[in-house]
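The file upload_24.pdb contains PDB, C-alpha atoms, pLDDT in the B column:
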ATOM      1  CA  MET A   1     157.419 133.386  80.710  1.00 42.00           C
ATOM      2  CA  SER A   2     154.921 135.294  82.783  1.00 51.00           C
ATOM      3  CA  ALA A   3     154.503 135.180  86.550  1.00 49.00           C
ATOM      4  CA  ARG A   4     151.262 133.262  86.059  1.00 51.00           C
ATOM      5  CA  SER A   5     153.077 130.291  84.528  1.00 49.00           C
ATOM      6  CA  ALA A   6     156.257 130.369  86.638  1.00 54.00           C
ATOM      7  CA  GLY A   7     157.079 126.943  88.020  1.00 54.00           C
ATOM      8  CA  ARG A   8     154.674 125.032  85.777  1.00 55.00           C
ATOM      9  CA  PRO A   9     154.245 124.652  82.040  1.00 66.00           C
ATOM     10  CA  PRO A  10     151.813 127.220  80.665  1.00 70.00           C
ATOM     11  CA  ASP A  11     148.490 126.082  79.291  1.00 89.00           C
ATOM     12  CA  PRO A  12     147.644 126.882  75.631  1.00 90.00           C
ATOM     13  CA  ILE A  13     145.725 130.040  76.540  1.00 90.00           C
ATOM     14  CA  GLY A  14     148.604 131.137  78.779  1.00 89.00           C
ATOM     15  CA  ARG A  15     150.988 130.679  75.844  1.00 92.00           C
ATOM     16  CA  VAL A  16     148.811 132.883  73.637  1.00 93.00           C
ATOM     17  CA  LEU A  17     148.673 135.536  76.358  1.00 93.00           C
ATOM     18  CA  ASP A  18     152.470 135.385  76.681  1.00 91.00           C
ATOM     19  CA  ILE A  19     152.871 135.803  72.899  1.00 94.00           C
ATOM     20  CA  ILE A  20     150.593 138.859  72.953  1.00 95.00           C
ATOM     21  CA  ASP A  21     152.631 140.265  75.860  1.00 94.00           C
ATOM     22  CA  GLY A  22     155.803 139.719  73.821  1.00 94.00           C
ATOM     23  CA  LEU A  23     154.296 141.526  70.841  1.00 96.00           C
ATOM     24  CA  SER A  24     153.273 144.367  73.147  1.00 96.00           C
ATOM     25  CA  MET A  25     156.838 144.600  74.445  1.00 95.00           C
ATOM     26  CA  TRP A  26     158.076 144.734  70.847  1.00 97.00           C
ATOM     27  CA  GLY A  27     155.609 147.584  70.231  1.00 97.00           C
ATOM     28  CA  ALA A  28     156.936 149.421  73.285  1.00 96.00           C
ATOM     29  CA  TRP A  29     160.497 149.200  71.956  1.00 97.00           C
ATOM     30  CA  ALA A  30     159.307 150.402  68.541  1.00 97.00           C
ATOM     31  CA  SER A  31     157.563 153.295  70.285  1.00 97.00           C
ATOM     32  CA  ALA A  32     160.772 154.204  72.105  1.00 97.00           C
ATOM     33  CA  ALA A  33     162.676 154.097  68.798  1.00 97.00           C
ATOM     34  CA  CYS A  34     160.107 156.470  67.279  1.00 97.00           C
ATOM     35  CA  ILE A  35     160.531 158.923  70.154  1.00 97.00           C
ATOM     36  CA  ALA A  36     164.330 158.741  69.840  1.00 97.00           C
ATOM     37  CA  SER A  37     163.978 159.383  66.098  1.00 97.00           C
ATOM     38  CA  ILE A  38     161.826 162.440  66.783  1.00 97.00           C
ATOM     39  CA  LEU A  39     164.515 163.737  69.120  1.00 97.00           C
ATOM     40  CA  GLY A  40     167.156 163.158  66.450  1.00 96.00           C
ATOM     41  CA  LEU A  41     165.136 164.935  63.765  1.00 95.00           C
ATOM     42  CA  ILE A  42     164.360 167.954  65.937  1.00 95.00           C
ATOM     43  CA  VAL A  43     167.962 168.296  67.169  1.00 96.00           C
ATOM     44  CA  ALA A  44     169.212 168.013  63.568  1.00 95.00           C
ATOM     45  CA  GLU A  45     166.706 170.677  62.494  1.00 95.00           C
ATOM     46  CA  VAL A  46     167.737 173.073  65.268  1.00 95.00           C
ATOM     47  CA  VAL A  47     171.455 172.564  64.604  1.00 96.00           C
ATOM     48  CA  SER A  48     170.989 172.863  60.842  1.00 95.00           C
ATOM     49  CA  ARG A  49     169.009 176.091  61.160  1.00 94.00           C
ATOM     50  CA  ASN A  50     171.336 177.709  63.676  1.00 94.00           C
ATOM     51  CA  LEU A  51     174.680 176.667  62.214  1.00 94.00           C
ATOM     52  CA  PHE A  52     173.986 176.493  58.479  1.00 94.00           C
ATOM     53  CA  ASN A  53     170.769 178.522  58.091  1.00 93.00           C
ATOM     54  CA  ILE A  54     169.239 175.540  56.278  1.00 92.00           C
ATOM     55  CA  SER A  55     166.017 173.807  57.217  1.00 91.00           C
ATOM     56  CA  ILE A  56     165.584 170.047  56.970  1.00 91.00           C
ATOM     57  CA  TYR A  57     162.330 170.233  55.047  1.00 88.00           C
ATOM     58  CA  PHE A  58     160.988 166.851  56.157  1.00 91.00           C
ATOM     59  CA  ALA A  59     161.826 167.086  59.880  1.00 91.00           C
ATOM     60  CA  TRP A  60     158.445 168.358  61.105  1.00 90.00           C
ATOM     61  CA  GLU A  61     156.426 166.151  58.751  1.00 92.00           C
ATOM     62  CA  PHE A  62     158.283 162.984  59.732  1.00 95.00           C
ATOM     63  CA  SER A  63     158.193 163.953  63.412  1.00 95.00           C
ATOM     64  CA  ALA A  64     154.396 164.041  63.197  1.00 94.00           C
ATOM     65  CA  TYR A  65     154.310 160.598  61.567  1.00 95.00           C
ATOM     66  CA  LEU A  66     156.658 159.239  64.207  1.00 96.00           C
ATOM     67  CA  MET A  67     154.558 160.722  67.032  1.00 97.00           C
ATOM     68  CA  GLY A  68     151.465 158.895  65.788  1.00 96.00           C
ATOM     69  CA  ALA A  69     153.452 155.680  65.458  1.00 97.00           C
ATOM     70  CA  ALA A  70     154.939 156.110  68.949  1.00 97.00           C
ATOM     71  CA  PHE A  71     151.497 156.642  70.455  1.00 96.00           C
ATOM     72  CA  LEU A  72     149.878 153.575  68.911  1.00 97.00           C
ATOM     73  CA  MET A  73     152.885 151.244  69.005  1.00 97.00           C
ATOM     74  CA  GLY A  74     153.206 151.839  72.759  1.00 96.00           C
ATOM     75  CA  ALA A  75     149.489 151.636  73.563  1.00 96.00           C
ATOM     76  CA  ALA A  76     149.386 147.835  73.987  1.00 95.00           C
ATOM     77  CA  TYR A  77     152.244 147.829  76.494  1.00 94.00           C
ATOM     78  CA  SER A  78     150.620 150.704  78.379  1.00 93.00           C
ATOM     79  CA  LEU A  79     147.386 148.726  78.611  1.00 92.00           C
ATOM     80  CA  ARG A  80     149.201 145.632  79.896  1.00 92.00           C
ATOM     81  CA  ALA A  81     151.082 147.684  82.485  1.00 89.00           C
ATOM     82  CA  GLY A  82     147.885 149.411  83.617  1.00 85.00           C
ATOM     83  CA  ALA A  83     149.417 152.753  82.717  1.00 80.00           C
ATOM     84  CA  GLN A  84     146.398 154.028  80.794  1.00 78.00           C
ATOM     85  CA  ILE A  85     144.499 156.892  82.373  1.00 73.00           C
ATOM     86  CA  ARG A  86     141.635 155.328  84.265  1.00 72.00           C
ATOM     87  CA  VAL A  87     139.285 156.596  86.915  1.00 68.00           C
ATOM     88  CA  ASN A  88     139.155 154.047  89.728  1.00 76.00           C
ATOM     89  CA  VAL A  89     136.789 155.969  91.978  1.00 80.00           C
ATOM     90  CA  LEU A  90     133.868 153.753  90.948  1.00 80.00           C
ATOM     91  CA  LEU A  91     135.790 150.462  91.075  1.00 80.00           C
ATOM     92  CA  GLU A  92     137.209 151.197  94.526  1.00 84.00           C
ATOM     93  CA  ASN A  93     133.821 152.103  96.069  1.00 88.00           C
ATOM     94  CA  VAL A  94     131.608 149.218  95.006  1.00 90.00           C
ATOM     95  CA  PRO A  95     131.541 145.555  96.066  1.00 91.00           C
ATOM     96  CA  LYS A  96     134.083 143.329  94.284  1.00 90.00           C
ATOM     97  CA  PRO A  97     131.525 141.507  92.080  1.00 91.00           C
ATOM     98  CA  VAL A  98     130.168 144.851  90.845  1.00 92.00           C
ATOM     99  CA  ALA A  99     133.701 146.149  90.250  1.00 88.00           C
ATOM    100  CA  ARG A 100     134.495 142.974  88.289  1.00 91.00           C
ATOM    101  CA  PHE A 101     131.391 143.494  86.148  1.00 93.00           C
ATOM    102  CA  PHE A 102     132.359 147.097  85.379  1.00 91.00           C
ATOM    103  CA  ASP A 103     135.930 146.060  84.597  1.00 91.00           C
ATOM    104  CA  LEU A 104     134.719 143.324  82.225  1.00 94.00           C
ATOM    105  CA  PHE A 105     132.146 145.625  80.635  1.00 95.00           C
ATOM    106  CA  SER A 106     134.640 148.435  80.058  1.00 93.00           C
ATOM    107  CA  THR A 107     137.149 145.966  78.613  1.00 94.00           C
ATOM    108  CA  VAL A 108     134.575 144.629  76.144  1.00 97.00           C
ATOM    109  CA  CYS A 109     133.697 148.212  75.140  1.00 96.00           C
ATOM    110  CA  GLY A 110     137.406 148.933  74.730  1.00 95.00           C
ATOM    111  CA  ILE A 111     137.805 145.882  72.492  1.00 98.00           C
ATOM    112  CA  ALA A 112     134.946 147.056  70.280  1.00 98.00           C
ATOM    113  CA  ILE A 113     136.446 150.534  69.922  1.00 98.00           C
ATOM    114  CA  ALA A 114     139.977 149.205  69.368  1.00 98.00           C
ATOM    115  CA  ALA A 115     138.763 146.684  66.778  1.00 98.00           C
ATOM    116  CA  TYR A 116     136.943 149.415  64.873  1.00 98.00           C
ATOM    117  CA  LEU A 117     140.031 151.644  64.980  1.00 98.00           C
ATOM    118  CA  THR A 118     142.174 148.749  63.731  1.00 98.00           C
ATOM    119  CA  TRP A 119     139.775 148.058  60.892  1.00 98.00           C
ATOM    120  CA  ALA A 120     139.566 151.739  59.911  1.00 98.00           C
ATOM    121  CA  LEU A 121     143.336 152.293  60.009  1.00 97.00           C
ATOM    122  CA  GLY A 122     143.932 149.023  58.166  1.00 97.00           C
ATOM    123  CA  GLU A 123     141.470 149.987  55.455  1.00 98.00           C
ATOM    124  CA  MET A 124     142.982 153.471  55.146  1.00 97.00           C
ATOM    125  CA  THR A 125     146.471 151.962  54.804  1.00 97.00           C
ATOM    126  CA  TRP A 126     145.235 149.431  52.245  1.00 98.00           C
ATOM    127  CA  PHE A 127     143.551 152.099  50.123  1.00 97.00           C
ATOM    128  CA  SER A 128     146.642 154.287  50.269  1.00 96.00           C
ATOM    129  CA  TRP A 129     148.739 151.346  49.102  1.00 96.00           C
ATOM    130  CA  MET A 130     146.329 150.415  46.308  1.00 96.00           C
ATOM    131  CA  ARG A 131     146.049 154.005  45.072  1.00 96.00           C
ATOM    132  CA  GLU A 132     149.752 154.778  45.574  1.00 95.00           C
ATOM    133  CA  SER A 133     148.670 157.870  47.481  1.00 95.00           C
ATOM    134  CA  ARG A 134     151.462 160.291  48.405  1.00 94.00           C
ATOM    135  CA  SER A 135     151.910 162.938  51.053  1.00 92.00           C
ATOM    136  CA  PRO A 136     150.961 166.449  49.912  1.00 90.00           C
ATOM    137  CA  GLU A 137     154.126 167.721  51.612  1.00 89.00           C
ATOM    138  CA  LYS A 138     157.432 168.252  49.842  1.00 88.00           C
ATOM    139  CA  SER A 139     158.658 164.738  50.723  1.00 90.00           C
ATOM    140  CA  GLU A 140     155.826 163.117  48.734  1.00 92.00           C
ATOM    141  CA  ILE A 141     156.353 159.910  50.715  1.00 94.00           C
ATOM    142  CA  LEU A 142     153.926 157.095  49.973  1.00 95.00           C
ATOM    143  CA  ARG A 143     151.212 157.433  52.597  1.00 95.00           C
ATOM    144  CA  TRP A 144     150.868 153.720  53.323  1.00 96.00           C
ATOM    145  CA  ILE A 145     154.437 153.728  54.665  1.00 96.00           C
ATOM    146  CA  THR A 146     153.521 156.278  57.322  1.00 95.00           C
ATOM    147  CA  GLN A 147     150.084 154.760  57.974  1.00 96.00           C
ATOM    148  CA  PHE A 148     151.194 151.152  58.413  1.00 97.00           C
ATOM    149  CA  PRO A 149     152.709 151.659  61.904  1.00 97.00           C
ATOM    150  CA  LEU A 150     149.417 153.215  63.026  1.00 97.00           C
ATOM    151  CA  ALA A 151     147.427 150.194  61.844  1.00 97.00           C
ATOM    152  CA  LEU A 152     149.964 147.784  63.353  1.00 97.00           C
ATOM    153  CA  GLY A 153     149.976 149.604  66.694  1.00 97.00           C
ATOM    154  CA  SER A 154     146.198 149.589  66.746  1.00 98.00           C
ATOM    155  CA  LEU A 155     146.200 145.845  66.040  1.00 98.00           C
ATOM    156  CA  LEU A 156     148.625 145.269  68.926  1.00 98.00           C
ATOM    157  CA  PHE A 157     146.378 147.325  71.204  1.00 97.00           C
ATOM    158  CA  THR A 158     143.315 145.320  70.133  1.00 98.00           C
ATOM    159  CA  LEU A 159     145.130 142.040  70.791  1.00 97.00           C
ATOM    160  CA  GLN A 160     146.225 143.246  74.228  1.00 97.00           C
ATOM    161  CA  ALA A 161     142.657 144.328  75.039  1.00 97.00           C
ATOM    162  CA  ILE A 162     141.438 140.830  74.097  1.00 97.00           C
ATOM    163  CA  ALA A 163     144.226 139.330  76.230  1.00 96.00           C
ATOM    164  CA  ARG A 164     143.123 141.557  79.101  1.00 95.00           C
ATOM    165  CA  LEU A 165     139.590 140.206  78.792  1.00 96.00           C
ATOM    166  CA  GLY A 166     140.984 136.664  78.763  1.00 95.00           C
ATOM    167  CA  ARG A 167     142.953 137.339  81.925  1.00 94.00           C
ATOM    168  CA  LEU A 168     139.944 138.852  83.684  1.00 93.00           C
ATOM    169  CA  LEU A 169     137.777 135.861  82.716  1.00 94.00           C
ATOM    170  CA  ARG A 170     140.477 133.523  84.071  1.00 91.00           C
ATOM    171  CA  GLY A 171     140.409 135.394  87.392  1.00 89.00           C
ATOM    172  CA  GLU A 172     143.821 136.963  86.825  1.00 89.00           C
ATOM    173  CA  PRO A 173     144.586 140.674  87.139  1.00 85.00           C
ATOM    174  CA  GLY A 174     144.223 142.557  83.873  1.00 84.00           C
ATOM    175  CA  ASP A 175     147.189 144.810  84.649  1.00 85.00           C
ATOM    176  CA  ASP A 176     150.768 143.812  85.464  1.00 80.00           C
ATOM    177  CA  MET A 177     151.921 146.485  87.889  1.00 74.00           C
ATOM    178  CA  ARG A 178     155.513 145.159  87.699  1.00 74.00           C
ATOM    179  CA  LEU A 179     155.758 146.618  84.180  1.00 77.00           C
ATOM    180  CA  ARG A 180     155.211 150.184  85.346  1.00 69.00           C
ATOM    181  CA  ILE A 181     158.294 152.357  85.232  1.00 69.00           C
ATOM    182  CA  GLY A 182     158.906 155.325  87.512  1.00 61.00           C
ATOM    183  CA  GLN A 183     155.623 155.202  89.386  1.00 58.00           C
ATOM    184  CA  ASP A 184     154.855 154.862  93.062  1.00 54.00           C
ATOM    185  CA  ILE A 185     158.387 155.771  94.095  1.00 48.00           C
ATOM    186  CA  GLU A 186     158.552 156.996  97.659  1.00 45.00           C
TER     187      GLU A 186
END

Rewritten as structure tokens:
Amino acid sequence: MSARSAGRPPDPIGRVLDIIDGLSMWGAWASAACIASILGLIVAEVVSRNLFNISIYFAWEFSAYLMGAAFLMGAAYSLRAGAQIRVNVLLENVPKPVARFFDLFSTVCGIAIAAYLTWALGEMTWFSWMRESRSPEKSEILRWITQFPLALGSLLFTLQAIARLGRLLRGEPGDDMRLRIGQDIE
């Protein structure tokens, strides 16, 4: 349950926002698992090369797939936490109503871009699945398997961007600063 609904039952829109936040948290954990997997692959490659003079042929290829998945699966959580790179110079130096307009406008633009990315990645994954397209690398893994996490992460990001717009329209903050980790430590 979010801070917004603490002490009272959440309204239907608040429930939807909480579900999207939960999905974003799931994406963040998936992103962390991808990064841990990259670490495991690279360590295994280094050990294998140095101790046995054998290369794990798929380590670099799969690390690249996992990096893309980590980036997009964690993007929704980053947006919710307000951890995306953002230039606040304009927002901090204009009257609040103007800042609110710019925040709403940039969020709507972000939704449009995220929705297009989701559609494009979804279509690419679908075509790869339909055509049984395979990687040109030695692993020859089915491409849709490596593309699906990208499309899913993009969908989570799009949903979180829509949730952000909903929060802003409800007069709530778009970012939850409590979710930031390791920042503003003095």

Using all atoms listed in the file, can you tell me which of A:Ala64, A:Val43, A:Glu123, A:Asp103 comes closest to Leu168 (chain A)?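 Among the listed residues, the smallest separation from Leu168 (chain A) belongs to A:Asp103.
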
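Minimum distance to Gln84 (chain A) across A:Gly22, A:Gly110, A:Gly153, A:Pro97 (counting only C-alpha atoms) occurs at A:Gly110.
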
What's the 9 Å shell around region 105-107 of chain A, counting all atoms listed in the file, without same-chain residues fewer than 5 positions away, as a ChimeraX atom specification? /A:100,112,161-162,164-165

Counting only C-alpha atoms, the residue of A:Val16, A:Pro149, A:Met177, A:Glu61 that sits nearest Ala83 (chain A):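 Residue with the minimum atom-to-atom distance to Ala83 (chain A): A:Met177.
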
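Interatomic distance, CA of Asp11 (chain A) against CA of Gly171 (chain A): 14.8 Å.
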
CA of Ala32 (chain A) to CA of Leu72 (chain A): how many Å, to one decimal?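 Rounded to one decimal, the two atoms are 11.4 Å apart.
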
Just to confirm, what's the straight-line distance from CA of Leu117 (chain A) to CA of Cys34 (chain A) in Å (one decimal)?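 Those two atoms sit 20.8 Å apart.
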
Explicit residues for the PyMOL selection byres ((chain A and resi 174) around 9) (as a JSON list (two decimals) with C-alpha atoms, keeping the file's coordinate frame):
[["chain", "number", "residue", "atom", "x", "y", "z"],
["A", 79, "LEU", "CA", 147.39, 148.73, 78.61],
["A", 80, "ARG", "CA", 149.20, 145.63, 79.90],
["A", 81, "ALA", "CA", 151.08, 147.68, 82.48],
["A", 82, "GLY", "CA", 147.88, 149.41, 83.62],
["A", 163, "ALA", "CA", 144.23, 139.33, 76.23],
["A", 164, "ARG", "CA", 143.12, 141.56, 79.10],
["A", 165, "LEU", "CA", 139.59, 140.21, 78.79],
["A", 166, "GLY", "CA", 140.98, 136.66, 78.76],
["A", 167, "ARG", "CA", 142.95, 137.34, 81.92],
["A", 168, "LEU", "CA", 139.94, 138.85, 83.68],
["A", 171, "GLY", "CA", 140.41, 135.39, 87.39],
["A", 172, "GLU", "CA", 143.82, 136.96, 86.82],
["A", 173, "PRO", "CA", 144.59, 140.67, 87.14],
["A", 175, "ASP", "CA", 147.19, 144.81, 84.65],
["A", 176, "ASP", "CA", 150.77, 143.81, 85.46]]

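Take the candidates A:Ala151, A:Gly74, A:Thr158, A:Ser55 and check each one against Cys109 (chain A) using all atoms listed in the file; the shortest distance goes to A:Thr158.
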
Target residues per the PyMOL selection byres ((chain A and resi 31) around 9), formatted as number ranges by chain: A: 26-30, 32-36, 66-67, 69-75

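Nearest residue to Leu150 (chain A), choosing from A:Leu91, A:Leu169, A:Leu17, A:Met124 and counting all atoms listed in the file: A:Met124.
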
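Using only C-alpha atoms, the smallest distance between any of A:Pro10, A:Gln160, A:Phe148, A:Tyr116 and Trp129 (chain A) comes from A:Phe148.
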
Please identify all polymer residues lying at most 7 Å from the point (151.3, 155.6, 53.5) (file coordinates), using all atoms listed in the file, and present the result as a ChimeraX atom specification. /A:125,128-129,133-134,142-148

Could you list, as a list in words, every residue within 7 Å of Ser24 (chain A), counting only C-alpha atoms and ignoring same-chain residues fewer than 6 positions away?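 Contacts, in chain order: Ala76, Tyr77 and Leu156 of chain A.
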
Go ahead and save the picked residues with C-alpha atoms, as a JSON list (two decimals), in the coordinates of the input.
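Result saved to result.json:
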[["chain", "number", "residue", "atom", "x", "y", "z"],
["A", 76, "ALA", "CA", 149.39, 147.84, 73.99],
["A", 77, "TYR", "CA", 152.24, 147.83, 76.49],
["A", 156, "LEU", "CA", 148.62, 145.27, 68.93]]

Emit as lines of an AutoDock Vina configuration file the padded axis-aligned box for all listed atoms of region 38-41 of chain A, 5 Å per side, with centre and edge lengths in Å to one decimal.
center_x = 164.5
center_y = 163.7
center_z = 66.4
size_x = 15.3
size_y = 12.5
size_z = 15.4
